[in-house]
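Contents: one structure, followed by commentary.
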Amino acid sequence: MSKHKKYQASWAPATLSEFDGVRFLHLDSIWVQGAMRIRKPQQLELEYIQRMMAWMLWREEAELREGLAVQLGLGAAALTRFCHKTLRMKTTAVEINPSVISACRAWFHLPEDDQRLTTLNEDAAQWVAQTENLQTVQVLNVDLYDHDAASPVLDDVAFYANCHAVLADGGLMTVNLFGRDASFARSAGRIARVFGSDQVWSLAPTKEGNTVVVAARGVAVPGRDTLERRAANIETQYSLPARKWLRLVRPLPLSILQATHMP
């Protein structure tokens, strides 16, 4: 799917594989679109998916579960299940491929919609551009890849500007940057151009090559002691490696920040 291709009636079919107790989602290719440990469906199996939850470090413990969490790109529904079932947040997933939604309901424990869960078969670019969604989102997880997984499907300044616009004050976005045709510097520079250089951070890449970027709308970065306390709380309550996230997170390199004028 190109960045500007409009909604189609036909998309790559969702398929699955299983290995060593883990079920994997594919889009009719070898590339993994998501994973779930069959005996522990609420556990975040993939390391980069765990790191997509690093936004938790930037939120106060008392507000951690408050507000709306939105996933752009459903994958194997891991983030949606975690936000809905574990954090018990109001949660919306936006997925353009209807076969992915069907696969997640059949194979990956995605529940039917309820008072806290909304699953939309829509284009993420259109969703973030809708005026009714302006400043309604506290947490935005962006993980948008097609069957080739070569680079993010949506990755321009206009898209990130709309992502910024749907965030409420103090809102946070995480973005998965991955792919053989992807450029971390180019994508991170675009995000920094929109959000401001003091509101964008990245985690070191995973061994698979996924780099998670965290961007905020008007967040004051707490001191180290506060971050360490939050990390300990996240590990205790949610079994996520938040202390490791703290060791891996860093501001964007100066070379990227100096190049934020790139188109």
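Every chain in the structure tokens has a letter given in the order shown (A, B, ...), and although residue numbers restart at 1 in each chain, ligands are simply numbered from 1 in the order shown.
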| request: Could you pull out the residues in range 14-249 of chain A that DSSP calls strand (DSSP E or B) from the backbone, as JSON, numbers by chain? | output: {"A": [15, 16, 17, 18, 19, 22, 23, 24, 25, 26, 32, 33, 34, 35, 36, 37, 68, 69, 70, 71, 72, 90, 91, 92, 93, 94, 117, 118, 119, 120, 137, 138, 139, 140, 141, 142, 167, 168, 169, 170, 171, 172, 173, 174, 175, 176, 177, 200, 201, 202, 203, 211, 212, 213, 214, 215, 216, 249]}
| said: Give me the residues near Pro205 in chain A as a PyMOL selection string, where near means some atom within 12 Å (using only C-alpha atoms) and where sequence neighbours in that chain fewer than 2 positions away do not count. | reply: chain A and resi 47-48+51+176-178+184+202-203+207-213+245+248-250
| query | If you count only C-alpha atoms, which residues fall within 12 Å of Asn233 in chain A, apart from same-chain ones fewer than 6 positions away, as a VMD selection string? | reply | chain A and resid 56 to 57 59 to 62 64 226 to 227 239 to 243
| request: Please return as a PyMOL selection string: the residues of range 37-237 of chain A that backbone DSSP assigns to helix (DSSP H, G or I). | output: chain A and resi 47-51+54-58+61-63+78-86+98-107+124-129+131-133+157-166+184-195+197-199+224-237
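Neighbours of range 158-167 of chain A closer than or equal to 6 Å, with only C-alpha atoms counted and sequence neighbours fewer than 3 positions away skipped, come out as Val128, Ala129, Asn133, Leu134, Gln135, Thr136, Val137, Gln138, Gly171 and Val194 of chain A.
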| said: Please list as a PyMOL selection string every residue within 7 Å of Ala77 in chain A, counting only C-alpha atoms and excluding residues in the same chain fewer than 3 positions away. | reply: chain A and resi 74+80-81+104+108+110
